[in-house]
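What follows is one structure encoded as structure tokens, with my remarks underneath.
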Amino acid sequence: MLGSVSDVDLRLLRVFTTVVKCGGFSSAQSALNVTQANISMQMKQLEERLGVRLCHRGRSGFWLTDEGKEIYEACQILFRSIDQFRSTVASTSGLSSGRLHISVIDNSIFNDDLNLHLTIRKFKELSRQSEVNLYVVAPNQVEQMVLDGSSDLGIGFFPARRQGLDYEPLFASKMDLFCGHSNPLFEKAPDDLVLNEVFASEHAARAYVSAAQLPIFERKFLTSASASTVEGLVTLVLSGMYTAYLPRHYANHWTRKDLIRAILPDQIGYSSLYEVAVRKENKQNKVLQLFLQLLVSLHSQVLEGDFRIGTELD
């Protein structure tokens, strides 16, 4: 591969980047729709063509070598350039087509306020030849994928602001504190409780949000567990050992079965603003412009929620 990059090389490099994004060979099987043995064979072939070891895998997990990290970064630059070339050619030809990479926060499919599916439908009706690649990832990965160029746009909630990114509001989503059926607080929930006993209970933190980005009142909890995904948080809540903040739309599945209950929602519940994030230099891309226009227009009624983030309780 040192002299030139062939179609075979590009295919193998895409396999490699997918494996890295998925966090290993096993997790990449569904994304690539091939067996783990097939992925292993293609990775070995790529390493032989490059002449370097890209990664290690075993019982201790999957991680990149130093060379693998450099190759992965180079892949991001390469594929961004290819996508930009396609978009430029399409624009020059008067066509609205290209490849669009979208990252969205996990479990957002349960949120009725998110009209992503309608946006994709309208986008494809207007841009038939465009290709859409959708990544459902943990909350802290959405923004990072936009920053490193893996995604053209990301949808989620972004407590911090990153240089080089533009943000546009979509809708507000309610966040409530929940406890499980066997938790001592359960029988008194939602409202027959005082704050002191709630703050004294064991709490599971959202590992994807820093302490500085939390509502001030959430910093008062006795934190003894954490999870990096919403699914992980609800598992901890269901154990009955912890309280945790969950999106109300996601918690509805378990509240309807009375397996979990909200705690003092009027006092310590709040709203999170879902936004779309894009790189500033990418906003001239006509395909991205079209998708953004449709996305924002389908979320034009932004809810005026109670944004108490960073404020003290009364």
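Every chain in the structure tokens takes a letter, A first, then B, and so on in the order presented; its residues are numbered from 1, and the ligands are numbered from 1 following the presented order.
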Q) Tell me, which residues of region 105-270 of chain A carry DSSP helix (DSSP H, G or I), written as a ChimeraX atom specification? A) /A:108-110,116-126,139-147,186-188,195-200,211-213,216-220,230-238,248-255,265-268
Near region 269-274 of chain A, 7 Å: region 84-195 of chain A residue rows, closest pairs, only C-alpha atoms, as JSON lines:
```
{"residue": "A:Ile155", "atom": "CA", "partner": "A:Tyr274", "partner_atom": "CA", "distance": 7.0}
{"residue": "A:Gly156", "atom": "CA", "partner": "A:Tyr274", "partner_atom": "CA", "distance": 5.1}
{"residue": "A:Phe157", "atom": "CA", "partner": "A:Tyr274", "partner_atom": "CA", "distance": 4.6}
{"residue": "A:Pro169", "atom": "CA", "partner": "A:Tyr274", "partner_atom": "CA", "distance": 6.2}
{"residue": "A:Leu170", "atom": "CA", "partner": "A:Tyr274", "partner_atom": "CA", "distance": 5.6}
{"residue": "A:Phe171", "atom": "CA", "partner": "A:Tyr274", "partner_atom": "CA", "distance": 5.4}
{"residue": "A:Ala172", "atom": "CA", "partner": "A:Leu273", "partner_atom": "CA", "distance": 4.5}
{"residue": "A:Ser173", "atom": "CA", "partner": "A:Ser272", "partner_atom": "CA", "distance": 5.2}
{"residue": "A:Lys174", "atom": "CA", "partner": "A:Ser271", "partner_atom": "CA", "distance": 4.4}
{"residue": "A:Met175", "atom": "CA", "partner": "A:Tyr270", "partner_atom": "CA", "distance": 5.3}
{"residue": "A:Asp176", "atom": "CA", "partner": "A:Gly269", "partner_atom": "CA", "distance": 4.6}
{"residue": "A:Leu177", "atom": "CA", "partner": "A:Gly269", "partner_atom": "CA", "distance": 6.6}
```
Emit the selected residues as a PDB file, in the first residue's frame, including N, CA and C atoms.
```pdb
ATOM      1  N   ILE A 155     -26.652  14.645  17.322  1.00  0.00           N
ATOM      2  CA  ILE A 155     -27.871  15.028  18.016  1.00  0.00           C
ATOM      3  C   ILE A 155     -27.828  14.475  19.429  1.00  0.00           C
ATOM      4  N   GLY A 156     -27.963  15.364  20.403  1.00  0.00           N
ATOM      5  CA  GLY A 156     -27.939  14.957  21.804  1.00  0.00           C
ATOM      6  C   GLY A 156     -28.056  16.170  22.681  1.00  0.00           C
ATOM      7  N   PHE A 157     -27.630  16.044  23.935  1.00  0.00           N
ATOM      8  CA  PHE A 157     -27.574  17.226  24.796  1.00  0.00           C
ATOM      9  C   PHE A 157     -26.120  17.494  25.141  1.00  0.00           C
ATOM     10  N   PRO A 169     -30.821  24.515  18.808  1.00  0.00           N
ATOM     11  CA  PRO A 169     -31.772  23.792  19.665  1.00  0.00           C
ATOM     12  C   PRO A 169     -32.813  23.043  18.848  1.00  0.00           C
ATOM     13  N   LEU A 170     -33.233  21.887  19.384  1.00  0.00           N
ATOM     14  CA  LEU A 170     -34.273  21.089  18.744  1.00  0.00           C
ATOM     15  C   LEU A 170     -35.525  20.990  19.617  1.00  0.00           C
ATOM     16  N   PHE A 171     -35.374  20.470  20.835  1.00  0.00           N
ATOM     17  CA  PHE A 171     -36.516  20.330  21.727  1.00  0.00           C
ATOM     18  C   PHE A 171     -36.010  20.082  23.148  1.00  0.00           C
ATOM     19  N   ALA A 172     -36.909  20.208  24.114  1.00  0.00           N
ATOM     20  CA  ALA A 172     -36.565  19.976  25.515  1.00  0.00           C
ATOM     21  C   ALA A 172     -37.081  18.620  25.957  1.00  0.00           C
ATOM     22  N   SER A 173     -36.315  17.952  26.817  1.00  0.00           N
ATOM     23  CA  SER A 173     -36.686  16.633  27.321  1.00  0.00           C
ATOM     24  C   SER A 173     -36.618  16.637  28.844  1.00  0.00           C
ATOM     25  N   LYS A 174     -37.666  16.137  29.472  1.00  0.00           N
ATOM     26  CA  LYS A 174     -37.729  16.127  30.931  1.00  0.00           C
ATOM     27  C   LYS A 174     -36.814  15.053  31.526  1.00  0.00           C
ATOM     28  N   MET A 175     -36.112  15.429  32.592  1.00  0.00           N
ATOM     29  CA  MET A 175     -35.266  14.517  33.349  1.00  0.00           C
ATOM     30  C   MET A 175     -35.813  14.416  34.767  1.00  0.00           C
ATOM     31  N   ASP A 176     -36.016  13.184  35.250  1.00  0.00           N
ATOM     32  CA  ASP A 176     -36.484  12.964  36.618  1.00  0.00           C
ATOM     33  C   ASP A 176     -35.547  12.018  37.341  1.00  0.00           C
ATOM     34  N   LEU A 177     -35.542  12.130  38.670  1.00  0.00           N
ATOM     35  CA  LEU A 177     -34.812  11.187  39.505  1.00  0.00           C
ATOM     36  C   LEU A 177     -35.708   9.979  39.750  1.00  0.00           C
TER      37      LEU A 177
END
```
List as a tab-separated table every residue of region 61-171 of chain A that is in contact with region 47-53 of chain A, defined as an atom at most 12 Å from one of its atoms (using only C-alpha atoms), together with the nearest atom pair and the distance in Å rounded to one decimal, sorted by chain and then rising number.
```
residue	atom	partner	partner_atom	distance
A:Trp63	CA	A:Arg53	CA	11.3
A:Leu64	CA	A:Arg53	CA	8.8
A:Thr65	CA	A:Arg53	CA	6.9
A:Asp66	CA	A:Arg53	CA	9.0
A:Glu67	CA	A:Val52	CA	6.9
A:Gly68	CA	A:Arg53	CA	6.9
A:Lys69	CA	A:Arg53	CA	10.6
A:Glu70	CA	A:Val52	CA	11.0
A:Ile71	CA	A:Leu50	CA	9.4
```
Q.
I'd like the neighbourhood of Ser26 (chain A) as number ranges by chain, where a residue qualifies if any of its atoms comes within 12 Å (using only C-alpha atoms), though same-chain residues fewer than 4 positions away should be ignored.
A. A: 18-22, 30-40, 57-58, 61-62
Expected file contents, prior selection, C-alpha atoms, as an mmCIF file, in the first residue's frame:
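Writing done, so here's result24.cif:
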```
data_model
loop_
_atom_site.group_PDB
_atom_site.id
_atom_site.type_symbol
_atom_site.label_atom_id
_atom_site.label_comp_id
_atom_site.auth_asym_id
_atom_site.auth_seq_id
_atom_site.Cartn_x
_atom_site.Cartn_y
_atom_site.Cartn_z
ATOM 1 C CA THR A 18 -15.684 0.427 12.014
ATOM 2 C CA VAL A 19 -13.932 -1.969 14.393
ATOM 3 C CA VAL A 20 -12.407 0.969 16.262
ATOM 4 C CA LYS A 21 -15.731 2.827 16.493
ATOM 5 C CA CYS A 22 -17.486 -0.320 17.762
ATOM 6 C CA SER A 30 -23.533 -6.490 13.324
ATOM 7 C CA ALA A 31 -22.277 -3.174 11.914
ATOM 8 C CA LEU A 32 -20.303 -4.933 9.170
ATOM 9 C CA ASN A 33 -22.748 -7.854 8.778
ATOM 10 C CA VAL A 34 -19.916 -10.403 8.719
ATOM 11 C CA THR A 35 -18.577 -12.982 11.149
ATOM 12 C CA GLN A 36 -15.889 -12.262 13.702
ATOM 13 C CA ALA A 37 -13.583 -14.679 11.879
ATOM 14 C CA ASN A 38 -14.078 -12.700 8.657
ATOM 15 C CA ILE A 39 -13.252 -9.432 10.425
ATOM 16 C CA SER A 40 -10.140 -10.992 11.939
ATOM 17 C CA ARG A 57 -7.284 -8.050 21.436
ATOM 18 C CA GLY A 58 -7.786 -10.732 24.028
ATOM 19 C CA GLY A 61 -10.091 -6.242 25.840
ATOM 20 C CA PHE A 62 -9.402 -4.392 22.586
#
```
Q. Closest to Tyr167 (chain A) among A:Ala277, A:Asp9, A:Leu46, A:Ser27, using only C-alpha atoms?
A. A:Ala277
Q. With only C-alpha atoms as the atoms that count, which of A:Asn252, A:Gln267, A:Ser60, A:Gln144 lies nearest to Val194 (chain A)?
A.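 Looking at the shortest contact to Val194 (chain A), the residue is A:Gln267.
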Q: Step one, run DSSP on the backbone; step two, keep only residues of region 145-195 of chain A assigned to strand (DSSP E); then write them as a list in words.
A: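 Restricting region 145-195 of chain A to strand (DSSP E) produces Leu153, Gly154, Ile155, Gly156, Leu165, Asp166, Tyr167, Glu168, Pro169, Leu170, Phe171, Ala172, Ser173, Lys174, Met175, Asp176, Leu177, Phe178, Cys179 and Gly180 of chain A.
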Please produce a file of the residues just selected, as a short mmCIF file (atom, residue, chain, number, x, y, z; two decimals), in the first residue's frame, where the atoms kept are all heavy atoms.
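Wrote result37.cif, looks like this:
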```
data_model
loop_
_atom_site.label_atom_id
_atom_site.label_comp_id
_atom_site.auth_asym_id
_atom_site.auth_seq_id
_atom_site.Cartn_x
_atom_site.Cartn_y
_atom_site.Cartn_z
N LEU A 153 -22.86 15.57 11.66
CA LEU A 153 -23.67 16.25 12.68
C LEU A 153 -24.01 15.27 13.79
O LEU A 153 -24.03 14.05 13.58
CB LEU A 153 -24.95 16.84 12.06
CG LEU A 153 -25.96 15.89 11.43
CD1 LEU A 153 -27.05 15.50 12.43
CD2 LEU A 153 -26.61 16.52 10.22
N GLY A 154 -24.24 15.82 14.99
CA GLY A 154 -24.58 14.99 16.13
C GLY A 154 -25.80 15.53 16.83
O GLY A 154 -25.98 16.76 16.93
N ILE A 155 -26.65 14.65 17.32
CA ILE A 155 -27.87 15.03 18.02
C ILE A 155 -27.83 14.48 19.43
O ILE A 155 -27.66 13.27 19.63
CB ILE A 155 -29.12 14.50 17.28
CG1 ILE A 155 -29.18 15.07 15.86
CG2 ILE A 155 -30.39 14.85 18.06
CD1 ILE A 155 -30.25 14.44 15.00
N GLY A 156 -27.96 15.36 20.40
CA GLY A 156 -27.94 14.96 21.80
C GLY A 156 -28.06 16.17 22.68
O GLY A 156 -28.54 17.22 22.25
N LEU A 165 -17.50 24.21 16.99
CA LEU A 165 -18.80 23.62 16.73
C LEU A 165 -19.90 24.68 16.84
O LEU A 165 -19.81 25.61 17.64
CB LEU A 165 -19.10 22.49 17.72
CG LEU A 165 -18.20 21.25 17.69
CD1 LEU A 165 -18.74 20.19 18.63
CD2 LEU A 165 -18.06 20.69 16.28
N ASP A 166 -20.92 24.53 16.04
CA ASP A 166 -22.14 25.34 16.16
C ASP A 166 -23.26 24.45 16.67
O ASP A 166 -23.34 23.27 16.31
CB ASP A 166 -22.54 25.93 14.80
CG ASP A 166 -21.76 27.18 14.45
OD1 ASP A 166 -21.21 27.80 15.39
OD2 ASP A 166 -21.68 27.52 13.26
N TYR A 167 -24.15 25.02 17.50
CA TYR A 167 -25.24 24.26 18.10
C TYR A 167 -26.56 24.94 17.78
O TYR A 167 -26.67 26.16 17.84
CB TYR A 167 -25.07 24.18 19.62
CG TYR A 167 -23.78 23.56 20.09
CD1 TYR A 167 -22.61 24.32 20.18
CD2 TYR A 167 -23.72 22.22 20.45
CE1 TYR A 167 -21.42 23.75 20.61
CE2 TYR A 167 -22.53 21.64 20.89
CZ TYR A 167 -21.38 22.42 20.96
OH TYR A 167 -20.22 21.86 21.40
N GLU A 168 -27.56 24.14 17.47
CA GLU A 168 -28.91 24.66 17.26
C GLU A 168 -29.89 23.84 18.08
O GLU A 168 -29.84 22.61 18.09
CB GLU A 168 -29.29 24.61 15.78
CG GLU A 168 -28.49 25.57 14.91
CD GLU A 168 -29.14 25.78 13.55
OE1 GLU A 168 -30.33 26.10 13.51
OE2 GLU A 168 -28.42 25.60 12.55
N PRO A 169 -30.82 24.52 18.81
CA PRO A 169 -31.77 23.79 19.67
C PRO A 169 -32.81 23.04 18.85
O PRO A 169 -33.23 23.50 17.78
CB PRO A 169 -32.41 24.92 20.49
CG PRO A 169 -32.29 26.13 19.63
CD PRO A 169 -31.00 25.97 18.88
N LEU A 170 -33.23 21.89 19.38
CA LEU A 170 -34.27 21.09 18.74
C LEU A 170 -35.52 20.99 19.62
O LEU A 170 -36.60 21.37 19.22
CB LEU A 170 -33.75 19.69 18.40
CG LEU A 170 -32.60 19.63 17.38
CD1 LEU A 170 -32.15 18.20 17.19
CD2 LEU A 170 -33.03 20.25 16.05
N PHE A 171 -35.37 20.47 20.83
CA PHE A 171 -36.52 20.33 21.73
C PHE A 171 -36.01 20.08 23.15
O PHE A 171 -34.83 19.79 23.36
CB PHE A 171 -37.44 19.18 21.29
CG PHE A 171 -36.76 17.83 21.30
CD1 PHE A 171 -36.79 17.01 22.41
CD2 PHE A 171 -36.09 17.39 20.17
CE1 PHE A 171 -36.15 15.78 22.42
CE2 PHE A 171 -35.45 16.16 20.16
CZ PHE A 171 -35.49 15.34 21.29
N ALA A 172 -36.91 20.21 24.11
CA ALA A 172 -36.56 19.98 25.51
C ALA A 172 -37.08 18.62 25.96
O ALA A 172 -38.15 18.17 25.53
CB ALA A 172 -37.15 21.07 26.40
N SER A 173 -36.31 17.95 26.82
CA SER A 173 -36.69 16.63 27.32
C SER A 173 -36.62 16.64 28.84
O SER A 173 -35.63 17.09 29.42
CB SER A 173 -35.73 15.58 26.76
OG SER A 173 -36.05 14.30 27.26
N LYS A 174 -37.67 16.14 29.47
CA LYS A 174 -37.73 16.13 30.93
C LYS A 174 -36.81 15.05 31.53
O LYS A 174 -36.77 13.92 31.05
CB LYS A 174 -39.17 15.87 31.39
CG LYS A 174 -40.11 17.05 31.18
CD LYS A 174 -39.76 18.18 32.14
CE LYS A 174 -40.79 19.31 32.05
NZ LYS A 174 -40.46 20.42 32.96
N MET A 175 -36.11 15.43 32.59
CA MET A 175 -35.27 14.52 33.35
C MET A 175 -35.81 14.42 34.77
O MET A 175 -36.06 15.44 35.42
CB MET A 175 -33.83 15.03 33.39
CG MET A 175 -33.15 15.15 32.05
SD MET A 175 -32.68 13.55 31.35
CE MET A 175 -31.40 13.04 32.50
N ASP A 176 -36.02 13.18 35.25
CA ASP A 176 -36.48 12.96 36.62
C ASP A 176 -35.55 12.02 37.34
O ASP A 176 -34.87 11.18 36.72
CB ASP A 176 -37.89 12.37 36.63
CG ASP A 176 -38.95 13.37 36.22
OD1 ASP A 176 -38.81 14.55 36.58
OD2 ASP A 176 -39.92 12.98 35.53
N LEU A 177 -35.54 12.13 38.67
CA LEU A 177 -34.81 11.19 39.51
C LEU A 177 -35.71 9.98 39.75
O LEU A 177 -36.89 10.13 40.06
CB LEU A 177 -34.44 11.84 40.84
CG LEU A 177 -33.61 10.97 41.79
CD1 LEU A 177 -32.18 10.81 41.27
CD2 LEU A 177 -33.60 11.59 43.18
N PHE A 178 -35.14 8.77 39.62
CA PHE A 178 -35.93 7.55 39.75
C PHE A 178 -35.31 6.60 40.77
O PHE A 178 -34.09 6.61 41.00
CB PHE A 178 -36.04 6.82 38.40
CG PHE A 178 -36.93 7.51 37.42
CD1 PHE A 178 -36.42 8.46 36.55
CD2 PHE A 178 -38.28 7.21 37.36
CE1 PHE A 178 -37.25 9.10 35.63
CE2 PHE A 178 -39.12 7.85 36.46
CZ PHE A 178 -38.61 8.79 35.59
N CYS A 179 -36.18 5.76 41.36
CA CYS A 179 -35.73 4.67 42.22
C CYS A 179 -36.47 3.40 41.83
O CYS A 179 -37.56 3.45 41.24
CB CYS A 179 -35.96 4.98 43.70
SG CYS A 179 -37.70 5.16 44.15
N GLY A 180 -35.88 2.23 42.14
CA GLY A 180 -36.46 0.96 41.78
C GLY A 180 -37.41 0.42 42.84
O GLY A 180 -37.49 0.94 43.96
#
```
